[in-house]
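Structure below is final-v8.cif: mmCIF, C-alpha atoms.
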```cif
data_target
loop_
_atom_site.label_atom_id
_atom_site.label_comp_id
_atom_site.auth_asym_id
_atom_site.auth_seq_id
_atom_site.Cartn_x
_atom_site.Cartn_y
_atom_site.Cartn_z
CA MET A 430 90.48 86.16 100.65
CA ILE A 431 87.17 84.63 99.67
CA GLN A 432 85.44 84.76 96.33
CA THR A 433 82.26 86.85 96.44
CA GLY A 434 81.14 86.48 92.84
CA LEU A 435 81.81 84.63 89.62
CA ILE A 436 80.80 85.50 86.07
CA GLN A 437 80.86 82.32 84.02
CA SER A 438 81.62 82.57 80.29
CA ALA A 439 81.64 86.37 80.34
CA HIS A 440 83.02 86.51 76.78
CA ASN A 441 83.61 84.17 73.87
CA ASP A 442 87.38 84.68 74.08
CA LEU A 443 90.04 85.87 76.52
CA VAL A 444 89.04 88.83 78.68
CA THR A 445 91.61 91.61 78.29
CA ASP A 446 90.40 94.15 80.87
CA VAL A 447 87.81 94.81 83.57
CA ALA A 448 86.98 98.21 85.06
CA TYR A 449 84.66 99.22 87.89
CA ASP A 450 82.73 102.46 87.68
CA PHE A 451 83.14 105.23 90.28
CA TYR A 452 80.64 103.65 92.69
CA GLY A 453 81.75 100.05 92.25
CA LEU A 454 78.27 98.87 91.34
CA ARG A 455 78.89 98.38 87.62
CA LEU A 456 81.62 96.53 85.81
CA ALA A 457 82.77 96.91 82.22
CA THR A 458 84.64 94.07 80.52
CA CYS A 459 86.29 93.75 77.12
CA SER A 460 87.80 90.91 75.20
CA ILE A 461 89.62 89.60 72.19
CA ASP A 462 86.12 88.92 70.81
CA GLN A 463 85.95 92.70 70.06
CA ARG A 464 82.98 93.22 72.38
CA ILE A 465 82.32 95.31 75.47
CA LYS A 466 79.93 94.19 78.17
CA VAL A 467 78.60 96.23 81.08
CA TRP A 468 77.49 94.33 84.17
CA GLN A 469 75.48 95.50 87.18
CA VAL A 470 75.57 93.91 90.59
CA ASP A 471 72.40 92.73 92.27
CA GLU A 472 73.05 93.90 95.83
CA SER A 473 70.47 91.49 97.24
CA ASN A 474 72.42 88.37 96.24
CA GLY A 475 75.76 89.66 94.88
CA ASN A 476 75.20 88.31 91.38
CA TRP A 477 76.45 90.22 88.36
CA ASN A 478 73.96 90.53 85.49
CA VAL A 479 74.81 91.73 81.99
CA GLU A 480 73.23 95.11 81.29
CA ASP A 481 74.64 95.93 77.85
CA ASP A 482 76.63 94.03 75.25
CA TRP A 483 77.90 95.31 71.91
CA LYS A 484 80.60 94.93 69.26
CA ALA A 485 82.85 97.89 69.88
CA HIS A 486 85.90 97.57 67.60
CA ASP A 487 87.24 95.71 64.58
CA ALA A 488 90.04 94.10 66.58
CA THR A 489 90.86 93.14 70.17
CA VAL A 490 89.63 95.65 72.75
CA SER A 491 92.65 96.15 75.01
CA LYS A 492 91.59 98.61 77.72
CA LEU A 493 88.61 100.41 79.24
CA SER A 494 88.23 103.52 81.40
CA TRP A 495 85.20 105.15 83.05
CA ALA A 496 84.91 108.92 83.20
CA HIS A 497 84.00 110.62 86.48
CA PRO A 498 80.20 110.55 86.93
CA GLU A 499 80.00 114.36 87.00
CA PHE A 500 80.44 114.21 83.22
CA GLY A 501 77.76 111.55 82.74
CA THR A 502 77.97 107.82 82.10
CA ILE A 503 80.92 107.74 79.72
CA LEU A 504 83.28 104.92 78.79
CA ALA A 505 86.46 105.00 76.71
CA SER A 506 87.82 101.92 74.95
CA ALA A 507 91.22 101.28 73.34
CA SER A 508 91.85 98.68 70.69
CA PHE A 509 94.36 96.87 68.53
CA ASP A 510 92.61 98.52 65.55
CA ARG A 511 94.57 101.69 66.50
CA THR A 512 91.51 103.63 67.63
CA VAL A 513 90.07 104.93 70.88
CA LYS A 514 86.30 105.25 71.08
CA ILE A 515 84.15 107.32 73.41
CA TRP A 516 80.83 105.76 74.46
CA GLU A 517 77.93 107.31 76.34
CA GLN A 518 74.96 105.56 77.88
CA THR A 519 71.67 107.14 76.93
CA SER A 520 68.01 106.23 76.85
CA PHE A 521 66.57 104.80 73.64
CA ALA A 522 64.74 108.04 72.84
CA SER A 523 67.77 110.31 73.14
CA ALA A 524 70.01 107.78 71.39
CA ALA A 525 67.76 107.77 68.34
CA ASP A 526 67.89 111.56 68.16
CA SER A 527 71.63 112.00 68.69
CA GLN A 528 73.37 108.96 67.14
CA PRO A 529 76.14 110.65 65.13
CA ASN A 530 77.54 107.60 63.39
CA GLY A 531 74.43 105.95 62.10
CA ALA A 532 73.22 102.46 62.98
CA GLY A 533 75.69 100.34 61.10
CA ALA A 534 76.80 96.81 61.80
CA GLY A 535 79.16 97.98 64.49
CA SER A 536 76.63 100.09 66.34
CA PRO A 537 76.08 99.23 70.00
CA GLN A 538 73.09 97.16 70.90
CA ALA A 539 71.18 97.36 74.16
CA ALA A 540 71.05 94.31 76.35
CA SER A 541 67.77 92.44 76.11
CA GLY A 542 65.12 93.92 78.34
CA GLY A 543 67.11 97.11 78.96
CA SER A 544 65.93 100.68 78.52
CA SER A 545 69.24 102.24 77.48
CA ARG A 546 72.00 101.85 74.97
CA TRP A 547 75.62 102.88 74.55
CA VAL A 548 76.19 105.35 71.75
CA GLU A 549 79.50 105.87 69.97
CA ARG A 550 80.19 109.60 70.39
CA ALA A 551 83.72 109.94 69.01
CA VAL A 552 86.55 107.96 67.41
CA LEU A 553 90.17 109.03 68.00
CA VAL A 554 92.39 107.82 65.17
CA ASP A 555 95.76 109.51 65.77
CA ALA A 556 97.63 106.42 66.98
CA ARG A 557 100.04 104.78 64.55
CA GLY A 558 100.10 101.49 66.43
CA THR A 559 98.16 99.32 68.83
CA VAL A 560 96.54 101.41 71.58
CA ARG A 561 97.44 99.53 74.75
CA ALA A 562 96.07 101.81 77.48
CA VAL A 563 93.53 104.56 77.98
CA GLU A 564 92.69 106.50 81.14
CA PHE A 565 90.54 109.52 81.93
CA ALA A 566 92.28 112.30 83.84
CA PRO A 567 91.21 113.19 87.41
CA HIS A 568 87.95 115.12 87.14
CA HIS A 569 89.38 118.39 88.49
CA PHE A 570 91.38 118.74 85.26
CA GLY A 571 88.22 118.57 83.16
CA LEU A 572 87.12 115.91 80.69
CA LYS A 573 90.53 114.79 79.47
CA LEU A 574 91.83 111.46 78.27
CA ALA A 575 95.31 109.94 78.00
CA THR A 576 96.32 107.09 75.70
CA VAL A 577 99.54 105.22 75.04
CA SER A 578 100.23 103.09 72.00
CA SER A 579 102.92 100.90 70.50
CA ASP A 580 104.28 103.86 68.54
CA ASN A 581 105.75 105.05 71.88
CA HIS A 582 103.47 108.10 72.04
CA VAL A 583 101.36 109.32 74.92
CA ARG A 584 98.48 111.42 73.63
CA ILE A 585 96.31 113.74 75.70
CA TYR A 586 92.84 114.63 74.43
CA GLU A 587 90.47 117.26 75.76
CA CYS A 588 86.73 117.31 75.11
CA LEU A 589 85.69 120.66 73.66
CA GLU A 590 81.95 119.94 73.60
CA GLN A 591 80.92 118.15 76.76
CA SER A 592 77.25 118.29 75.81
CA SER A 593 77.73 116.16 72.70
CA LEU A 594 81.15 114.52 73.36
CA ALA A 595 81.73 114.74 69.61
CA THR A 596 84.76 117.05 69.48
CA TRP A 597 88.05 116.02 71.08
CA GLN A 598 91.22 118.06 70.66
CA LEU A 599 94.65 116.43 70.66
CA SER A 600 96.32 118.77 73.15
CA GLU A 601 99.59 116.86 73.68
CA GLU A 602 101.51 114.23 71.74
CA VAL A 603 104.65 113.02 73.47
CA ASP A 604 107.18 110.49 72.21
CA VAL A 605 108.11 108.96 75.57
CA SER A 606 111.17 107.19 74.18
CA THR A 607 112.80 110.49 73.18
CA LEU A 608 112.11 112.34 76.42
CA PRO A 609 115.33 112.66 78.43
CA SER A 610 115.51 110.45 81.51
CA VAL A 611 116.13 111.89 84.96
CA SER A 612 118.29 109.40 86.84
CA LEU A 613 117.92 108.35 90.44
CA SER A 614 121.53 108.32 91.53
CA SER A 615 120.56 108.37 95.20
CA SER A 616 118.09 105.53 95.01
CA TYR A 617 120.15 102.74 93.48
CA SER A 618 121.69 101.67 96.77
CA VAL A 619 118.23 101.72 98.34
CA ALA A 620 116.70 99.58 95.66
CA PHE A 621 119.52 97.03 95.79
CA ALA A 622 119.81 96.82 99.57
CA THR A 623 116.92 94.33 99.30
CA PRO A 624 116.89 90.84 97.76
CA THR A 625 115.86 92.10 94.34
CA GLN A 626 116.21 89.94 91.25
CA THR A 627 115.75 92.34 88.37
CA SER A 628 117.33 89.87 86.00
CA ALA A 629 114.86 87.02 86.53
CA THR A 630 114.24 85.37 83.19
CA LEU A 631 110.78 84.14 82.24
CA GLU A 632 109.53 81.44 79.95
CA GLY A 633 107.87 82.62 76.77
CA ALA A 634 104.50 81.30 77.94
CA SER A 635 104.50 83.71 80.88
CA ALA A 636 104.14 86.87 78.81
CA THR A 637 101.24 89.18 79.48
CA LEU A 638 98.09 88.84 77.43
CA VAL A 639 98.91 91.75 75.18
CA ALA A 640 102.43 90.46 74.64
CA GLN A 641 101.15 86.98 73.79
CA ALA A 642 99.38 88.38 70.76
CA LEU A 643 102.70 89.86 69.60
CA GLN A 644 105.09 87.25 70.89
CA GLN A 645 105.75 85.44 67.63
CA SER A 646 107.56 88.45 66.20
CA GLN A 647 109.16 89.76 69.38
CA ASN A 648 112.93 89.82 69.84
CA PRO A 649 113.57 90.31 73.57
CA THR A 650 117.26 90.99 73.04
CA THR A 651 116.76 94.02 70.78
CA GLN A 652 119.42 96.57 71.64
CA GLY A 653 119.33 100.36 71.39
CA ARG A 654 116.39 102.66 71.92
CA PRO A 655 113.14 100.71 72.45
CA GLY A 656 111.04 101.07 69.37
CA LEU A 657 113.87 100.88 66.83
CA GLY A 658 113.32 97.17 66.36
CA ASN A 659 109.86 95.68 66.56
CA ARG A 660 107.74 98.66 67.55
CA GLU A 661 104.72 96.52 68.34
CA ALA A 662 106.77 94.65 70.94
CA ASP A 663 108.85 97.54 72.26
CA GLY A 664 106.36 100.41 72.20
CA GLY A 665 104.23 102.04 74.87
CA TRP A 666 102.64 99.84 77.52
CA CYS A 667 100.96 101.67 80.36
CA ILE A 668 99.95 105.03 81.85
CA SER A 669 98.58 106.35 85.13
CA TRP A 670 97.61 109.88 86.18
CA CYS A 671 98.74 111.56 89.38
CA LYS A 672 95.56 111.88 91.45
CA GLU A 673 96.70 114.99 93.37
CA ARG A 674 95.51 118.32 91.97
CA TYR A 675 98.18 120.44 93.66
CA TRP A 676 101.05 119.26 91.45
CA GLY A 677 99.25 119.88 88.17
CA GLU A 678 98.86 117.42 85.33
CA ILE A 679 101.43 114.66 85.82
CA ILE A 680 101.35 111.23 84.25
CA ALA A 681 103.44 108.08 84.65
CA ALA A 682 104.18 106.21 81.43
CA GLY A 683 106.00 103.00 80.58
CA CYS A 684 107.45 102.31 77.14
CA GLY A 685 109.87 99.83 75.68
CA ILE A 686 111.81 97.09 77.42
CA SER A 687 114.06 99.21 79.64
CA GLY A 688 112.05 98.38 82.78
CA ALA A 689 111.71 102.09 83.58
CA ILE A 690 108.75 104.40 84.15
CA LYS A 691 108.92 108.09 83.27
CA ILE A 692 107.05 110.70 85.33
CA ILE A 693 106.00 113.41 82.87
CA GLN A 694 104.84 116.94 83.69
CA LEU A 695 102.24 118.33 81.27
CA SER A 696 101.77 122.07 80.94
CA PRO A 697 99.84 124.21 78.43
CA SER A 698 102.61 126.82 78.45
CA ARG A 699 105.63 124.59 77.72
CA ARG A 700 106.68 121.29 76.28
CA PRO A 701 106.23 118.14 78.38
CA THR A 702 109.22 117.40 80.60
CA THR A 703 110.45 114.39 82.54
CA LEU A 704 110.36 114.99 86.29
CA LEU A 705 111.73 111.61 87.25
CA THR A 706 112.60 108.19 85.88
CA LEU A 707 111.77 105.16 88.01
CA ASP A 708 114.44 102.68 86.99
CA PRO A 709 115.20 99.62 89.15
CA SER A 710 118.33 98.76 87.17
CA PRO A 711 121.68 99.37 88.89
CA SER A 712 123.77 102.46 88.48
CA PRO A 713 126.94 101.84 86.46
CA VAL A 714 129.08 103.45 89.14
CA GLY A 715 129.07 103.47 92.91
CA LEU A 716 127.22 100.20 93.35
CA PRO A 717 127.58 98.29 96.62
CA ALA A 718 129.18 94.88 96.36
CA GLU A 719 125.87 93.12 96.97
CA ALA A 720 124.31 94.85 93.99
CA ALA A 721 126.89 93.52 91.59
CA THR A 722 125.53 90.02 92.04
CA SER A 723 122.06 91.18 91.10
CA LEU A 724 123.07 91.77 87.49
CA ALA A 725 122.05 89.34 84.81
CA SER A 726 124.18 86.24 84.64
CA ASP A 727 124.70 86.79 80.92
CA GLY A 728 127.46 89.39 81.01
CA ASP A 729 127.03 92.72 82.73
CA THR A 730 123.82 93.71 80.93
CA PRO A 731 120.52 93.26 82.78
CA THR A 732 117.92 91.23 80.95
CA PRO A 733 115.52 93.66 79.26
CA PHE A 734 111.88 93.56 80.26
CA ALA A 735 108.77 95.66 79.85
CA ILE A 736 106.79 97.32 82.63
CA THR A 737 103.27 96.45 81.52
CA SER A 738 101.27 98.09 84.32
CA VAL A 739 101.65 101.19 86.48
CA ALA A 740 99.28 102.58 89.12
CA TRP A 741 99.55 105.92 90.91
CA ALA A 742 98.01 105.69 94.37
CA PRO A 743 95.56 108.28 95.74
CA SER A 744 97.55 110.47 98.13
CA CYS A 745 94.98 110.81 100.93
CA GLY A 746 96.98 113.56 102.64
CA ARG A 747 100.41 111.93 102.46
CA SER A 748 103.43 114.14 101.88
CA TYR A 749 104.74 111.65 99.31
CA HIS A 750 103.32 109.57 96.48
CA LEU A 751 103.18 105.80 96.04
CA ILE A 752 103.51 104.34 92.56
CA ALA A 753 103.22 100.62 91.87
CA THR A 754 104.60 98.83 88.84
CA GLY A 755 104.25 95.32 87.46
CA GLY A 756 106.39 93.89 84.72
CA ARG A 757 107.34 90.91 82.66
CA ASP A 758 110.25 90.24 85.00
CA GLY A 759 107.67 88.94 87.49
CA HIS A 760 108.20 91.71 90.06
CA VAL A 761 105.69 93.98 91.78
CA ARG A 762 107.47 97.12 92.95
CA ILE A 763 106.22 99.98 95.08
CA TRP A 764 108.00 103.31 94.73
CA ARG A 765 107.92 106.12 97.26
CA VAL A 766 108.07 109.35 95.26
CA LYS A 767 108.88 112.61 97.03
CA PRO A 768 107.81 115.81 95.24
CA ALA A 769 110.26 118.62 94.82
CA GLU A 770 110.66 121.03 97.72
CA GLU A 771 111.67 124.58 96.91
CA GLU A 772 114.89 125.48 98.68
CA LEU A 773 117.01 128.61 98.61
CA ASP A 774 120.59 128.39 97.44
CA VAL A 775 123.51 130.28 98.98
CA GLU A 776 122.61 133.43 97.06
CA GLY A 777 119.04 133.39 98.31
CA GLU A 778 117.56 132.28 95.01
CA GLY A 779 115.48 129.26 94.28
CA GLY A 780 117.51 126.25 93.24
CA ASP A 781 116.59 123.46 90.84
CA LEU A 782 113.51 121.55 91.96
CA LYS A 783 114.04 117.82 91.72
CA TRP A 784 111.75 114.95 92.58
CA SER A 785 113.21 111.88 94.27
CA ALA A 786 112.14 108.26 94.59
CA SER A 787 113.13 104.95 96.12
CA VAL A 788 111.82 101.40 96.10
CA VAL A 789 110.02 100.57 99.35
CA ALA A 790 108.80 97.09 98.39
CA ASP A 791 109.76 94.52 95.79
CA PHE A 792 107.89 91.21 95.48
CA ASP A 793 108.38 88.32 93.06
CA HIS A 794 105.74 86.00 94.50
CA HIS A 795 103.93 85.66 91.18
CA LYS A 796 106.97 83.89 89.69
CA SER A 797 105.66 84.94 86.28
CA ALA A 798 104.80 88.08 84.36
CA VAL A 799 102.60 90.61 86.18
CA GLY A 800 99.85 91.96 83.96
CA ARG A 801 98.08 94.42 86.25
CA VAL A 802 98.56 96.40 89.46
CA GLU A 803 95.85 98.53 91.05
CA TRP A 804 95.36 100.49 94.31
CA ASN A 805 92.28 100.67 96.50
CA ILE A 806 90.47 103.99 96.91
CA THR A 807 92.67 105.13 99.82
CA GLY A 808 95.99 104.00 98.37
CA THR A 809 96.70 101.68 101.29
CA VAL A 810 96.22 98.26 99.68
CA LEU A 811 97.73 97.17 96.37
CA SER A 812 96.42 94.32 94.24
CA SER A 813 98.34 92.57 91.49
CA ALA A 814 97.41 89.95 88.90
CA GLY A 815 99.97 87.64 87.36
CA ASN A 816 100.25 84.83 84.87
CA ASP A 817 100.37 82.43 87.79
CA GLY A 818 96.57 82.74 87.79
CA ARG A 819 96.40 84.55 91.12
CA VAL A 820 95.38 87.98 92.35
CA ARG A 821 97.53 89.03 95.29
CA LEU A 822 97.10 91.82 97.82
CA TRP A 823 99.91 93.81 99.47
CA LYS A 824 99.63 96.08 102.48
CA ALA A 825 101.95 98.18 104.63
CA THR A 826 101.87 97.29 108.32
CA ILE A 827 103.20 99.06 111.38
CA GLY A 828 106.90 99.73 111.00
CA ASN A 829 106.58 100.28 107.25
CA VAL A 830 106.76 96.59 106.47
CA TRP A 831 105.04 95.77 103.20
CA ARG A 832 103.73 92.25 103.33
CA PRO A 833 101.32 89.93 101.49
CA ALA A 834 97.74 90.42 102.62
CA GLY A 835 96.16 87.45 100.84
CA SER A 836 95.67 85.94 97.42
CA ILE A 837 93.02 84.20 95.41
CA GLY A 838 93.13 82.04 92.30
CA VAL A 839 90.73 80.22 90.05
CA GLU A 840 91.60 76.92 91.68
CA GLN A 841 90.61 78.34 95.10
CA SER A 842 93.49 76.53 96.79
CA GLU A 843 94.88 77.80 100.04
CA ASP A 844 98.03 79.80 99.64
CA THR A 845 101.08 78.99 101.68
CA GLN A 846 102.08 81.61 104.17
CA ASP A 847 104.29 84.19 102.47
CA ALA A 848 107.27 85.58 104.28
CA ASP A 849 107.24 89.20 105.33
CA VAL A 850 109.27 91.68 103.36
CA ASN A 851 110.95 94.21 105.60
CA MET A 852 112.35 97.26 103.90
CA SER A 853 113.57 99.10 106.97
CA GLU A 854 116.16 100.91 104.90
CA ASN A 855 113.26 102.58 103.11
CA ALA A 856 111.17 103.41 106.15
CA ILE A 857 108.52 105.89 105.15
CA ALA A 858 109.08 108.97 107.26
CA GLU A 859 107.01 112.12 107.18
#
```
Starting from the file, lay out its structure as C-alpha cells.
Amino acid sequence: MIQTGLIQSAHNDLVTDVAYDFYGLRLATCSIDQRIKVWQVDESNGNWNVEDDWKAHDATVSKLSWAHPEFGTILASASFDRTVKIWEQTSFASAADSQPNGAGAGSPQAASGGSSRWVERAVLVDARGTVRAVEFAPHHFGLKLATVSSDNHVRIYECLEQSSLATWQLSEEVDVSTLPSVSLSSSYSVAFATPTQTSATLEGASATLVAQALQQSQNPTTQGRPGLGNREADGGWCISWCKERYWGEIIAAGCGISGAIKIIQLSPSRRPTTLLTLDPSPSPVGLPAEAATSLASDGDTPTPFAITSVAWAPSCGRSYHLIATGGRDGHVRIWRVKPAEEELDVEGEGGDLKWSASVVADFDHHKSAVGRVEWNITGTVLSSAGNDGRVRLWKATIGNVWRPAGSIGVEQSEDTQDADVNMSENAIAE
C-alpha cells in the first residue's frame, strides 16, 4: 500500500476515532482533547482541510458515527462523560434560529471561513458508565442509534422527530452480560483445526487506547461474570449492526473479557434474544488432541481478553454473513455466520431455527492488541489497526484462502512477505 494523504497534528492529543461519511469525501475525527473535527478532501490534490472544529464533550470523545445522508448531515459522538450527543450541520442562519441548547462555552464553533456550523440537537444521558461505541442503524430501519457502555448495556434509540432531531426514545436497553449464550458446539473443532493461539499474552503497554485510560485499575484475572469486578475495565466494548434488511434488526455486541461476541435479535414484539455466540475458546468436551495444546499454559483456563472491535460485513448477495473481530489477544478473526434455515421435523412442523458459525481466518500478525477492524463497502476486504502501529489488509483469494493484502505504518517501511493462511477446512461453500 502507499500513503495517499497525511494530516499533521490533527488534534492536540491522541486521536481516538476517525469516520468517513457515506461518500468518503469527508472525515470526522475525535480525540482525548474533547474536540471533534470534520475534514473535507480537496479532490484536485488529495489534501484534507479542516472544515469544522469544536469542543464536543467534557471528557474524551471515544467514538463517532455518521447517519445515512437521507436523514441529513448528522453525526453522533460517544464520550467518557457518559453521554451521547447528536450533531447536525446547518447554515449559520438556520443554526441561529434553531439552536436548542443555547450558545454556551461548549457550543460548536464553525471553522474559520466556513458558512456552516454543527449544532447540538440532543444529549442522551442514560448510560451509567463510559460510552465506548456508537453506531447508526442501517437506514432502512429508520433513524436509529445503538450504543454500548462500560455498564454492559446496549441501548437502542429511535428518533421520534426527524425534523428537529430533538426527541430520541430509548426503545431497548439490554444487559449483554446477562443474556444467555448460544454455544457453537459444532464449530470448536473448526476453529482449532488451525494454528490459533487464543492464549497469547500481551504486555501491558499493548492495550488498546480506551483500555490504556483504564489500565491502572484493571485486573485482567478477574473471575466470574464480566462486570462484577472493575466494570470500567470489564464492561461493553463494541457493537456492529447487521447490514441485511431481510433478517430484521440484529446487532453484534462484545462485552467483558470472555473473548466472545453475542449476536442479538431485536424485536418490538418480544424481548431481545441471543441468536448466536461467537466464542473462539475451546469446548470443554470433545476437543481434538491438537486443541488441548492451544489452552493457556497457566492451568486449563484460557487467558481472558476483551474483543474491542467487531465489524459486520455488507452481504452483497452472499448466502452467509462475515463478521470480523479484533481483540486484546492480538488476533484478527473472520467468522462465517450462516443464518437459520427453516426445516420441517418428522411430524411436518417447523423445528428450532438455529444460526451457525465457524472461524474461516485467524491472524496474529499484529503481535499486539488490535484496536479496530473494518470492512470495505462490498465486504470483500478487511482492514485492521493494531498497537504495532500498522494498518493491515486481508482478502480472500481463489480457493477461499484468506491472506494478507498489504500493510502500512507510520514509519513507511516495507513489510516482509507474510505467509498465506489456508483454511481449507472452512472452505466457504454456497
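Taking all atoms listed in the file into account, A:Ser593 lies nearest to A:Arg550 out of the set A:Arg550, A:Lys767, A:Arg455, A:Arg557.
Minimum atom-to-atom distances from A:Ser578, A:Ser687, A:Thr754, A:Gln591 to A:Pro733 were compared using all atoms listed in the file, and the lowest value belongs to A:Ser687.
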Name the residues in contact with A:Ser506 at a cut-off of 6 Å, using all atoms listed in the file, excluding same-chain residues fewer than 3 positions from it; report them as a list in words.
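My reading of the contact set: Lys492, Leu493, Val513 and Lys514 of chain A.
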Do you know which residues are at most 12 Å from A:Tyr675 counting all atoms listed in the file, after dropping those on the same chain fewer than 4 positions away, and could you put them as a list in words?
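Listed by chain and then number, they are Pro567, His569, Phe570, Cys671, Ile679, Ser744, Gly746, Ser748 and Pro768 of chain A.
Interatomic distance, atom CA of A:Ala496 to atom CA of A:Lys484: 20.2 Å.
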One decimal place gives the atom CA of A:Gly688-atom CA of A:Trp495 separation as 27.7 Å
What would the list of residues within 10 Å of (97.4, 101.6, 68.5) (file frame) look like as an MDAnalysis selection string, if only C-alpha atoms are what count?
chainID A and resid 491 507:513 554:562 576:582 661 664:665
Please, what distance in Å, to one decimal, runs between atom CA of A:Trp483 and atom CA of A:Lys466?
6.7 Å
Using all atoms listed in the file for the distances, tell me which of A:Leu574, A:Leu435, A:Ala834, A:Val739 is nearest to A:His497.
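Ranked by minimum distance to A:His497, first place goes to A:Leu574.
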Evaluate the PyMOL selection byres ((chain A and resi 440-454) around 8) against this structure - the residues, as a ChimeraX atom specification, please.
/A:438-439,455-462,469-470,490-495,497-498,638-639
Test item: residues at most 7 Å from A:Arg757, all atoms listed in the file, excluding those fewer than 4 positions along its chain, as a PDB file with C-alpha atoms, in the frame of the given file:
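Output contents, as saved in out13.pdb:
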```
ATOM      1  CA  ALA A 636     104.140  86.870  78.810  1.00  0.00           C
ATOM      2  CA  PHE A 734     111.880  93.560  80.260  1.00  0.00           C
ATOM      3  CA  ALA A 735     108.770  95.660  79.850  1.00  0.00           C
ATOM      4  CA  ILE A 736     106.790  97.320  82.630  1.00  0.00           C
ATOM      5  CA  THR A 737     103.270  96.450  81.520  1.00  0.00           C
ATOM      6  CA  ALA A 798     104.800  88.080  84.360  1.00  0.00           C
ATOM      7  CA  VAL A 799     102.600  90.610  86.180  1.00  0.00           C
TER       8      VAL A 799
END
```
Check what the PyMOL selection byres ((chain A and resi 692) around 8) selects in the file above and give those residues as a list in words.
Ile679, Ile680, Ala681, Ala682, Ile690, Lys691, Ile693, Gln694, Thr703, Leu704, Leu705, Thr706 and Leu707 of chain A
Quick one: residues within 7 Å of (93.6, 108.7, 94.0) (file frame), counting all atoms listed in the file, please, as a list in words.
Lys672, Ala742, Pro743, Ser744, Ile806, Thr807 and Gly808 of chain A
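Closest approach to A:Trp804 among A:Trp784, A:Trp670, A:Trp831, A:Trp741 is made by A:Trp741 (distances from only C-alpha atoms).
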As JSON, please report the centre and edge lengths, rounded to one decimal in Å, of the axis-aligned box that holds all listed atoms of stretch 801-812 of chain A with 5 Å of padding on each of the six sides.
```
{"center_x": 94.5, "center_y": 99.7, "center_z": 93.8, "size_x": 18.1, "size_y": 20.8, "size_z": 25.0}
```
